[in-house]
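Shown below: upload_29.txt, with compact mmCIF, N, CA, C and O atoms.
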```txt
# COMPACT_ATOMS: atom_id res chain seq x y z
N MET X 137 207.98 186.41 60.34
CA MET X 137 208.65 185.17 60.71
C MET X 137 208.50 184.98 62.22
O MET X 137 208.73 185.89 63.00
N SER X 138 208.13 183.78 62.62
CA SER X 138 207.93 183.49 64.04
C SER X 138 209.27 183.30 64.74
O SER X 138 210.31 183.11 64.11
N LYS X 139 209.23 183.35 66.07
CA LYS X 139 210.43 183.12 66.88
C LYS X 139 211.00 181.73 66.61
O LYS X 139 212.21 181.56 66.52
N TYR X 140 210.12 180.74 66.45
CA TYR X 140 210.59 179.38 66.18
C TYR X 140 211.31 179.31 64.84
O TYR X 140 212.34 178.64 64.72
N GLU X 141 210.78 180.00 63.85
CA GLU X 141 211.42 179.99 62.54
C GLU X 141 212.78 180.68 62.58
O GLU X 141 213.76 180.15 62.04
N SER X 142 212.84 181.82 63.24
CA SER X 142 214.13 182.53 63.31
C SER X 142 215.14 181.75 64.16
O SER X 142 216.33 181.71 63.82
N ASP X 143 214.69 181.11 65.24
CA ASP X 143 215.59 180.27 66.03
C ASP X 143 216.06 179.07 65.22
O ASP X 143 217.24 178.69 65.28
N PHE X 144 215.15 178.47 64.45
CA PHE X 144 215.52 177.34 63.60
C PHE X 144 216.63 177.75 62.64
O PHE X 144 217.65 177.06 62.51
N ILE X 145 216.44 178.87 61.97
CA ILE X 145 217.43 179.34 60.99
C ILE X 145 218.76 179.64 61.67
O ILE X 145 219.83 179.23 61.20
N ALA X 146 218.71 180.36 62.80
CA ALA X 146 219.94 180.69 63.52
C ALA X 146 220.67 179.42 63.98
O ALA X 146 221.90 179.32 63.87
N ASN X 147 219.91 178.44 64.46
CA ASN X 147 220.52 177.18 64.91
C ASN X 147 221.08 176.39 63.76
O ASN X 147 222.16 175.79 63.86
N LEU X 148 220.36 176.34 62.66
CA LEU X 148 220.83 175.63 61.47
C LEU X 148 222.18 176.21 61.04
O LEU X 148 223.15 175.47 60.84
N ILE X 149 222.25 177.52 60.92
CA ILE X 149 223.50 178.17 60.51
C ILE X 149 224.59 177.93 61.56
O ILE X 149 225.74 177.61 61.22
N TYR X 150 224.24 178.09 62.83
CA TYR X 150 225.21 177.90 63.90
C TYR X 150 225.82 176.50 63.87
O TYR X 150 227.04 176.33 63.88
N TYR X 151 224.96 175.48 63.85
CA TYR X 151 225.47 174.10 63.87
C TYR X 151 226.19 173.74 62.58
O TYR X 151 227.17 172.99 62.61
N ARG X 152 225.74 174.29 61.45
CA ARG X 152 226.43 174.03 60.18
C ARG X 152 227.84 174.60 60.25
O ARG X 152 228.82 173.93 59.91
N GLU X 153 227.95 175.84 60.71
CA GLU X 153 229.26 176.47 60.80
C GLU X 153 230.13 175.81 61.88
O GLU X 153 231.35 175.71 61.71
N LEU X 154 229.50 175.38 62.97
CA LEU X 154 230.23 174.68 64.03
C LEU X 154 230.92 173.43 63.48
O LEU X 154 232.05 173.10 63.86
N ARG X 155 230.25 172.73 62.58
CA ARG X 155 230.83 171.53 61.94
C ARG X 155 231.81 171.89 60.84
O ARG X 155 232.48 171.02 60.30
N GLY X 156 231.86 173.17 60.47
CA GLY X 156 232.75 173.59 59.40
C GLY X 156 232.19 173.29 58.02
O GLY X 156 232.95 173.24 57.05
N TYR X 157 230.89 173.10 57.93
CA TYR X 157 230.25 172.78 56.66
C TYR X 157 229.82 174.04 55.92
O TYR X 157 229.30 174.98 56.53
N THR X 158 230.01 174.04 54.63
CA THR X 158 229.41 175.06 53.77
C THR X 158 227.99 174.62 53.46
O THR X 158 227.60 173.47 53.76
N GLN X 159 227.21 175.50 52.86
CA GLN X 159 225.87 175.10 52.44
C GLN X 159 225.95 173.95 51.46
O GLN X 159 225.12 173.03 51.50
N SER X 160 226.96 173.97 50.60
CA SER X 160 227.12 172.89 49.61
C SER X 160 227.39 171.54 50.27
O SER X 160 226.83 170.52 49.86
N VAL X 161 228.24 171.54 51.28
CA VAL X 161 228.56 170.29 51.98
C VAL X 161 227.31 169.75 52.67
O VAL X 161 226.99 168.57 52.55
N LEU X 162 226.61 170.62 53.40
CA LEU X 162 225.39 170.18 54.08
C LEU X 162 224.37 169.66 53.07
O LEU X 162 223.75 168.63 53.29
N ALA X 163 224.23 170.37 51.97
CA ALA X 163 223.29 169.94 50.93
C ALA X 163 223.64 168.55 50.42
O ALA X 163 222.76 167.70 50.27
N GLY X 164 224.92 168.31 50.20
CA GLY X 164 225.35 167.00 49.73
C GLY X 164 225.04 165.90 50.74
O GLY X 164 224.59 164.81 50.36
N LEU X 165 225.24 166.19 52.01
CA LEU X 165 224.95 165.21 53.05
C LEU X 165 223.45 164.92 53.16
O LEU X 165 223.05 163.86 53.63
N CYS X 166 222.64 165.89 52.72
CA CYS X 166 221.18 165.74 52.79
C CYS X 166 220.57 165.34 51.44
O CYS X 166 219.34 165.33 51.29
N ASP X 167 221.41 165.05 50.46
CA ASP X 167 220.95 164.71 49.11
C ASP X 167 220.08 165.82 48.52
O ASP X 167 219.03 165.57 47.92
N ARG X 168 220.52 167.05 48.70
CA ARG X 168 219.83 168.22 48.16
C ARG X 168 220.85 169.12 47.46
O ARG X 168 222.03 168.83 47.43
N THR X 169 220.38 170.22 46.92
CA THR X 169 221.28 171.18 46.29
C THR X 169 221.60 172.31 47.27
O THR X 169 220.89 172.52 48.25
N LYS X 170 222.67 173.03 46.97
CA LYS X 170 223.05 174.18 47.79
C LYS X 170 221.89 175.17 47.85
O LYS X 170 221.63 175.77 48.89
N GLY X 171 221.17 175.32 46.75
CA GLY X 171 220.04 176.24 46.70
C GLY X 171 218.95 175.87 47.70
O GLY X 171 218.33 176.76 48.29
N ASN X 172 218.73 174.56 47.90
CA ASN X 172 217.74 174.13 48.88
C ASN X 172 218.11 174.60 50.29
O ASN X 172 217.25 175.09 51.03
N ILE X 173 219.37 174.48 50.64
CA ILE X 173 219.82 174.92 51.96
C ILE X 173 219.77 176.44 52.03
O ILE X 173 219.35 177.01 53.04
N GLY X 174 220.15 177.10 50.97
CA GLY X 174 220.14 178.56 50.94
C GLY X 174 218.77 179.16 51.17
O GLY X 174 218.62 180.11 51.94
N VAL X 175 217.74 178.59 50.53
CA VAL X 175 216.39 179.15 50.72
C VAL X 175 215.85 178.84 52.11
O VAL X 175 215.07 179.62 52.66
N ILE X 176 216.29 177.74 52.70
CA ILE X 176 215.88 177.44 54.08
C ILE X 176 216.56 178.43 55.03
O ILE X 176 215.91 179.02 55.89
N GLU X 177 217.86 178.63 54.84
CA GLU X 177 218.60 179.53 55.73
C GLU X 177 218.16 180.99 55.58
O GLU X 177 218.27 181.77 56.51
N SER X 178 217.66 181.35 54.42
CA SER X 178 217.19 182.72 54.21
C SER X 178 215.75 182.92 54.67
O SER X 178 215.26 184.04 54.69
N GLY X 179 215.08 181.81 55.01
CA GLY X 179 213.70 181.90 55.46
C GLY X 179 212.70 181.97 54.33
O GLY X 179 211.51 182.18 54.56
N LYS X 180 213.15 181.76 53.11
CA LYS X 180 212.25 181.83 51.95
C LYS X 180 211.46 180.55 51.75
O LYS X 180 210.46 180.54 51.05
N SER X 181 211.92 179.47 52.38
CA SER X 181 211.25 178.18 52.25
C SER X 181 211.35 177.43 53.57
O SER X 181 212.38 177.48 54.24
N ALA X 182 210.27 176.76 53.93
CA ALA X 182 210.28 175.95 55.15
C ALA X 182 210.62 174.51 54.78
O ALA X 182 210.08 173.96 53.81
N PRO X 183 211.52 173.88 55.55
CA PRO X 183 211.87 172.49 55.24
C PRO X 183 210.76 171.53 55.64
O PRO X 183 210.00 171.79 56.57
N SER X 184 210.70 170.43 54.93
CA SER X 184 209.75 169.37 55.30
C SER X 184 210.26 168.68 56.56
O SER X 184 211.42 168.84 56.95
N PHE X 185 209.39 167.89 57.16
CA PHE X 185 209.81 167.12 58.34
C PHE X 185 210.96 166.19 57.97
O PHE X 185 211.95 166.09 58.71
N GLU X 186 210.86 165.55 56.82
CA GLU X 186 211.93 164.66 56.35
C GLU X 186 213.25 165.42 56.21
O GLU X 186 214.30 164.93 56.61
N MET X 187 213.18 166.63 55.69
CA MET X 187 214.39 167.43 55.51
C MET X 187 214.98 167.84 56.86
O MET X 187 216.20 167.84 57.04
N ILE X 188 214.14 168.18 57.81
CA ILE X 188 214.63 168.52 59.16
C ILE X 188 215.39 167.34 59.75
O ILE X 188 216.46 167.51 60.34
N LEU X 189 214.86 166.14 59.57
CA LEU X 189 215.54 164.95 60.08
C LEU X 189 216.87 164.73 59.38
O LEU X 189 217.87 164.37 60.01
N LYS X 190 216.92 164.95 58.06
CA LYS X 190 218.17 164.80 57.32
C LYS X 190 219.20 165.82 57.76
O LYS X 190 220.38 165.51 57.91
N ILE X 191 218.76 167.06 57.95
CA ILE X 191 219.67 168.11 58.40
C ILE X 191 220.24 167.76 59.77
O ILE X 191 221.45 167.83 60.00
N ALA X 192 219.37 167.38 60.70
CA ALA X 192 219.82 167.03 62.05
C ALA X 192 220.80 165.86 62.01
O ALA X 192 221.82 165.87 62.71
N ASP X 193 220.50 164.86 61.20
CA ASP X 193 221.38 163.71 61.07
C ASP X 193 222.74 164.13 60.52
O ASP X 193 223.78 163.73 61.03
N ALA X 194 222.73 164.98 59.49
CA ALA X 194 223.98 165.44 58.89
C ALA X 194 224.80 166.27 59.88
O ALA X 194 226.04 166.22 59.87
N LEU X 195 224.12 167.04 60.73
CA LEU X 195 224.81 167.88 61.71
C LEU X 195 225.13 167.14 63.00
O LEU X 195 225.74 167.70 63.90
N GLU X 196 224.67 165.88 63.08
CA GLU X 196 224.90 165.02 64.25
C GLU X 196 224.32 165.65 65.52
O GLU X 196 224.98 165.70 66.57
N ILE X 197 223.09 166.14 65.40
CA ILE X 197 222.38 166.71 66.54
C ILE X 197 220.98 166.13 66.58
O ILE X 197 220.51 165.53 65.62
N HIS X 198 220.30 166.31 67.70
CA HIS X 198 218.90 165.91 67.81
C HIS X 198 218.06 166.94 67.05
O HIS X 198 218.35 168.14 67.13
N PRO X 199 217.04 166.52 66.32
CA PRO X 199 216.22 167.48 65.59
C PRO X 199 215.67 168.62 66.47
O PRO X 199 215.55 169.76 66.01
N ALA X 200 215.37 168.32 67.71
CA ALA X 200 214.84 169.35 68.61
C ALA X 200 215.84 170.48 68.85
O ALA X 200 215.45 171.61 69.12
N ASP X 201 217.14 170.17 68.72
CA ASP X 201 218.16 171.20 68.91
C ASP X 201 218.03 172.34 67.90
O ASP X 201 218.49 173.44 68.15
N LEU X 202 217.38 172.06 66.79
CA LEU X 202 217.19 173.10 65.79
C LEU X 202 216.08 174.08 66.17
O LEU X 202 215.98 175.15 65.60
N PHE X 203 215.26 173.72 67.16
CA PHE X 203 214.11 174.54 67.52
C PHE X 203 214.14 175.12 68.93
O PHE X 203 213.44 176.09 69.22
N LEU X 204 214.90 174.53 69.83
CA LEU X 204 214.78 174.86 71.25
C LEU X 204 215.05 176.32 71.58
O LEU X 204 214.33 176.93 72.33
N ARG X 205 216.10 176.86 71.07
CA ARG X 205 216.48 178.25 71.34
C ARG X 205 217.55 178.61 70.35
O ARG X 205 218.06 177.76 69.63
N ASN X 206 217.93 179.85 70.33
CA ASN X 206 219.03 180.27 69.48
C ASN X 206 220.33 179.86 70.18
O ASN X 206 220.75 180.51 71.13
N ALA X 207 220.94 178.79 69.74
CA ALA X 207 222.13 178.23 70.39
C ALA X 207 223.29 179.22 70.36
O ALA X 207 224.05 179.31 71.32
N SER X 208 223.44 179.95 69.29
CA SER X 208 224.54 180.90 69.22
C SER X 208 224.34 182.02 70.22
O SER X 208 225.29 182.51 70.82
N GLN X 209 223.11 182.45 70.44
CA GLN X 209 222.83 183.50 71.42
C GLN X 209 223.17 183.03 72.82
O GLN X 209 223.74 183.77 73.61
N SER X 210 222.85 181.80 73.14
CA SER X 210 223.16 181.26 74.46
C SER X 210 224.66 181.30 74.73
O SER X 210 225.09 181.66 75.81
N ARG X 211 225.45 180.96 73.74
CA ARG X 211 226.89 180.99 73.90
C ARG X 211 227.40 182.42 74.03
O ARG X 211 228.32 182.69 74.79
N GLU X 212 226.79 183.34 73.33
CA GLU X 212 227.15 184.75 73.47
C GLU X 212 226.86 185.22 74.90
O GLU X 212 227.65 185.97 75.47
N ASP X 213 225.74 184.79 75.46
CA ASP X 213 225.39 185.16 76.83
C ASP X 213 226.42 184.62 77.82
O ASP X 213 226.81 185.30 78.76
N VAL X 214 226.88 183.39 77.60
CA VAL X 214 227.90 182.79 78.48
C VAL X 214 229.20 183.57 78.37
O VAL X 214 229.83 183.89 79.38
N ARG X 215 229.61 183.90 77.15
CA ARG X 215 230.84 184.68 76.97
C ARG X 215 230.74 186.04 77.64
O ARG X 215 231.68 186.50 78.29
N LYS X 216 229.59 186.69 77.48
CA LYS X 216 229.39 188.00 78.08
C LYS X 216 229.46 187.89 79.61
O LYS X 216 230.10 188.70 80.26
N PHE X 217 228.79 186.88 80.16
CA PHE X 217 228.84 186.66 81.62
C PHE X 217 230.28 186.45 82.07
O PHE X 217 230.72 187.03 83.06
N PHE X 218 231.01 185.63 81.34
CA PHE X 218 232.41 185.37 81.71
C PHE X 218 233.22 186.65 81.66
O PHE X 218 233.95 186.96 82.59
N ASP X 219 233.10 187.39 80.56
CA ASP X 219 233.90 188.61 80.40
C ASP X 219 233.55 189.67 81.43
O ASP X 219 234.43 190.34 81.94
N GLU X 220 232.27 189.83 81.70
CA GLU X 220 231.84 190.93 82.56
C GLU X 220 231.85 190.60 84.05
O GLU X 220 232.03 191.48 84.87
N GLU X 221 231.64 189.35 84.41
CA GLU X 221 231.50 189.02 85.82
C GLU X 221 232.48 187.97 86.31
O GLU X 221 233.21 188.19 87.27
N LEU X 222 232.49 186.84 85.65
CA LEU X 222 233.28 185.72 86.15
C LEU X 222 234.77 185.99 86.10
O LEU X 222 235.49 185.70 87.07
N SER X 223 235.26 186.57 85.02
CA SER X 223 236.71 186.82 84.93
C SER X 223 237.15 187.83 85.99
O SER X 223 238.24 187.71 86.55
N VAL X 224 236.31 188.81 86.29
CA VAL X 224 236.63 189.80 87.33
C VAL X 224 236.71 189.11 88.70
O VAL X 224 237.66 189.33 89.47
N LYS X 225 235.74 188.26 89.00
CA LYS X 225 235.73 187.55 90.28
C LYS X 225 236.92 186.59 90.39
O LYS X 225 237.52 186.46 91.46
N MET X 226 237.25 185.94 89.29
CA MET X 226 238.40 185.03 89.31
C MET X 226 239.69 185.81 89.56
O MET X 226 240.54 185.37 90.34
N ARG X 227 239.84 186.95 88.93
CA ARG X 227 241.01 187.79 89.14
C ARG X 227 241.11 188.21 90.61
O ARG X 227 242.19 188.16 91.21
N GLU X 228 239.99 188.60 91.19
CA GLU X 228 239.97 189.00 92.60
C GLU X 228 240.37 187.83 93.50
O GLU X 228 241.12 188.02 94.46
N MET X 229 239.87 186.64 93.18
CA MET X 229 240.21 185.46 93.98
C MET X 229 241.71 185.16 93.90
O MET X 229 242.35 184.84 94.90
N VAL X 230 242.28 185.27 92.71
CA VAL X 230 243.71 185.00 92.53
C VAL X 230 244.53 186.02 93.29
O VAL X 230 245.49 185.68 93.98
N GLU X 231 244.14 187.28 93.19
CA GLU X 231 244.88 188.33 93.89
C GLU X 231 244.79 188.16 95.40
O GLU X 231 245.76 188.42 96.11
N LYS X 232 243.65 187.73 95.87
CA LYS X 232 243.46 187.51 97.31
C LYS X 232 244.30 186.32 97.77
O LYS X 232 244.93 186.34 98.82
N ARG X 233 244.29 185.25 96.99
CA ARG X 233 245.00 184.02 97.35
C ARG X 233 246.51 184.18 97.19
O ARG X 233 247.29 183.64 97.94
N PHE X 234 246.92 184.91 96.17
CA PHE X 234 248.35 185.12 95.88
C PHE X 234 248.64 186.61 95.83
O PHE X 234 248.85 187.17 94.75
N PRO X 235 248.68 187.24 96.99
CA PRO X 235 248.91 188.69 97.01
C PRO X 235 250.28 189.04 96.47
O PRO X 235 251.24 188.27 96.57
N VAL X 236 250.36 190.22 95.89
CA VAL X 236 251.62 190.71 95.35
C VAL X 236 252.50 191.13 96.52
O VAL X 236 252.08 191.90 97.39
N SER X 237 253.72 190.61 96.54
CA SER X 237 254.64 190.99 97.62
C SER X 237 255.28 192.33 97.29
O SER X 237 255.26 192.79 96.16
N GLU X 238 255.84 192.96 98.28
CA GLU X 238 256.43 194.27 98.09
C GLU X 238 257.58 194.23 97.08
O GLU X 238 257.80 195.17 96.34
N SER X 239 258.29 193.12 97.00
CA SER X 239 259.41 193.00 96.07
C SER X 239 258.94 192.91 94.62
O SER X 239 259.68 193.20 93.71
N GLU X 240 257.69 192.49 94.40
CA GLU X 240 257.16 192.36 93.05
C GLU X 240 256.55 193.66 92.54
O GLU X 240 256.30 193.79 91.37
N GLU X 241 256.30 194.58 93.42
CA GLU X 241 255.64 195.83 93.01
C GLU X 241 256.53 196.71 92.22
O GLU X 241 257.58 196.83 92.03
```

With the file now loaded, output its structure as structure tokens.
Amino acid sequence: MSKYESDFIANLIYYRELRGYTQSVLAGLCDRTKGNIGVIESGKSAPSFEMILKIADALEIHPADLFLRNASQSREDVRKFFDEELSVKMREMVEKRFPVSESEE
């Protein structure tokens, strides 16, 4: 499976879950069966161009969003950055700006 295919699948699942849709709901919005969505998400079948457009429309995203990158991974990277670096720096800034007084210790 190519990187584009795996990113497509990851993005499809990510955006479907982001909308709170089950495979059945997405299938209904695309005039397909749950099985059609299942084989696409499992990588067993490639969607047609028409199906990609229907999926994107149902998910209210641009079709290119399904291919650009793994959207869920990008969000994980942001969370990791926040947890490991940004939150520490913010804590330091708050402590510097609002030092603990001797009475609070």

If you run DSSP on the backbone, which residues of region 155-201 of chain X are alpha helix (DSSP H), as a ChimeraX atom specification? /X:159-165,170-177,185-195

For each of X:Val224, X:Cys166, X:Leu202, X:Val236, take the minimum atom-to-atom distance to Met187 (chain X), counting all atoms listed in the file, then give the residue where this is smallest.
->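 Among the listed residues, the smallest separation from Met187 (chain X) belongs to X:Cys166.
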
Can you tell me, as a list in words, which residues sit within 8 Å of (225.6, 168.4, 64.0) in the file's frame, using all atoms listed in the file?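 Residues with an atom close enough to that point: Tyr151, Arg152, Leu154, Arg155, Ile191, Ala192, Asp193, Ala194, Leu195, Glu196, Ile197 and His198 of chain X.
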
key: d(CA of Leu204 (chain X), atom O of Ile145 (chain X)) in Å   =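 If I compute the distance from CA of Leu204 (chain X) to atom O of Ile145 (chain X), I get 12.1 Å.
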
Could you check how far atom N of Glu153 (chain X) sits from atom C of Ser138 (chain X), in Å to one decimal?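 Atom C of Ser138 (chain X) lies at a distance of 20.5 Å from atom N of Glu153 (chain X).
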
message: Can you measure CA of Phe203 (chain X) to CA of Asp167 (chain X) for me? One decimal in Å is fine.
response: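 Result for CA of Phe203 (chain X) versus CA of Asp167 (chain X): 22.0 Å, one decimal.
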
message: When you look at Ser160 (chain X) with a cut-off of 8 Å (counting all atoms listed in the file), what residues show up, excluding the ones that are within fewer than 3 positions of it in the same chain? I need them as a ChimeraX atom specification.
response: /X:157,163-171,173-174

Using only C-alpha atoms, the residue out of X:Phe144, X:Arg227, X:Leu222, X:Val161 with shortest distance to Ile188 (chain X) is X:Phe144

Determine the axis-aligned bounding box of all atoms of region 181-192 of chain X present in the file, pad each side by 6 Å, and express its centre and edge lengths in Å to one decimal place as JSON.
```
{"center_x": 215.6, "center_y": 171.9, "center_z": 57.5, "size_x": 24.4, "size_y": 27.1, "size_z": 22.5}
```

Please reconstruct the missing atoms of region 168-179 of chain X (target: all heavy atoms) and return them as a compact mmCIF listing (two decimals), keeping the file's coordinate frame.
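So the final result, stored in out28.txt, reads:
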```txt
# COMPACT_ATOMS: atom_id res chain seq x y z
N ARG X 168 220.52 167.05 48.70
CA ARG X 168 219.83 168.22 48.16
C ARG X 168 220.85 169.12 47.46
O ARG X 168 222.03 168.83 47.43
CB ARG X 168 219.13 169.02 49.28
CG ARG X 168 218.04 168.28 50.02
CD ARG X 168 216.86 167.98 49.09
NE ARG X 168 215.69 167.51 49.78
CZ ARG X 168 215.44 166.25 50.11
NH1 ARG X 168 216.30 165.31 49.83
NH2 ARG X 168 214.32 165.92 50.72
N THR X 169 220.38 170.22 46.92
CA THR X 169 221.28 171.18 46.29
C THR X 169 221.60 172.31 47.27
O THR X 169 220.89 172.52 48.25
CB THR X 169 220.63 171.81 45.03
OG1 THR X 169 219.51 172.60 45.44
CG2 THR X 169 220.20 170.74 44.04
N LYS X 170 222.67 173.03 46.97
CA LYS X 170 223.05 174.18 47.79
C LYS X 170 221.89 175.17 47.85
O LYS X 170 221.63 175.77 48.89
CB LYS X 170 224.29 174.85 47.23
CG LYS X 170 224.70 176.09 47.99
CD LYS X 170 225.86 176.80 47.32
CE LYS X 170 226.10 178.10 48.06
NZ LYS X 170 226.87 179.04 47.31
N GLY X 171 221.17 175.32 46.75
CA GLY X 171 220.04 176.24 46.70
C GLY X 171 218.95 175.87 47.70
O GLY X 171 218.33 176.76 48.29
N ASN X 172 218.73 174.56 47.90
CA ASN X 172 217.74 174.13 48.88
C ASN X 172 218.11 174.60 50.29
O ASN X 172 217.25 175.09 51.03
CB ASN X 172 217.59 172.61 48.90
CG ASN X 172 216.97 172.04 47.65
OD1 ASN X 172 217.52 171.11 47.05
ND2 ASN X 172 215.84 172.57 47.22
N ILE X 173 219.37 174.48 50.64
CA ILE X 173 219.82 174.92 51.96
C ILE X 173 219.77 176.44 52.03
O ILE X 173 219.35 177.01 53.04
CB ILE X 173 221.25 174.40 52.26
CG1 ILE X 173 221.30 172.86 52.24
CG2 ILE X 173 221.75 174.95 53.60
CD1 ILE X 173 220.40 172.18 53.25
N GLY X 174 220.15 177.10 50.97
CA GLY X 174 220.14 178.56 50.94
C GLY X 174 218.77 179.16 51.17
O GLY X 174 218.62 180.11 51.94
N VAL X 175 217.74 178.59 50.53
CA VAL X 175 216.39 179.15 50.72
C VAL X 175 215.85 178.84 52.11
O VAL X 175 215.07 179.62 52.66
CB VAL X 175 215.39 178.70 49.62
CG1 VAL X 175 215.80 179.23 48.26
CG2 VAL X 175 215.22 177.20 49.59
N ILE X 176 216.29 177.74 52.70
CA ILE X 176 215.88 177.44 54.08
C ILE X 176 216.56 178.43 55.03
O ILE X 176 215.91 179.02 55.89
CB ILE X 176 216.23 175.98 54.46
CG1 ILE X 176 215.35 175.00 53.67
CG2 ILE X 176 216.06 175.76 55.96
CD1 ILE X 176 215.79 173.55 53.78
N GLU X 177 217.86 178.63 54.84
CA GLU X 177 218.60 179.53 55.73
C GLU X 177 218.16 180.99 55.58
O GLU X 177 218.27 181.77 56.51
CB GLU X 177 220.10 179.41 55.50
CG GLU X 177 220.68 178.13 56.06
CD GLU X 177 222.20 178.07 56.00
OE1 GLU X 177 222.84 179.04 55.50
OE2 GLU X 177 222.76 177.06 56.45
N SER X 178 217.66 181.35 54.42
CA SER X 178 217.19 182.72 54.21
C SER X 178 215.75 182.92 54.67
O SER X 178 215.26 184.04 54.69
CB SER X 178 217.32 183.11 52.74
OG SER X 178 216.39 182.37 51.96
N GLY X 179 215.08 181.81 55.01
CA GLY X 179 213.70 181.90 55.46
C GLY X 179 212.70 181.97 54.33
O GLY X 179 211.51 182.18 54.56
```
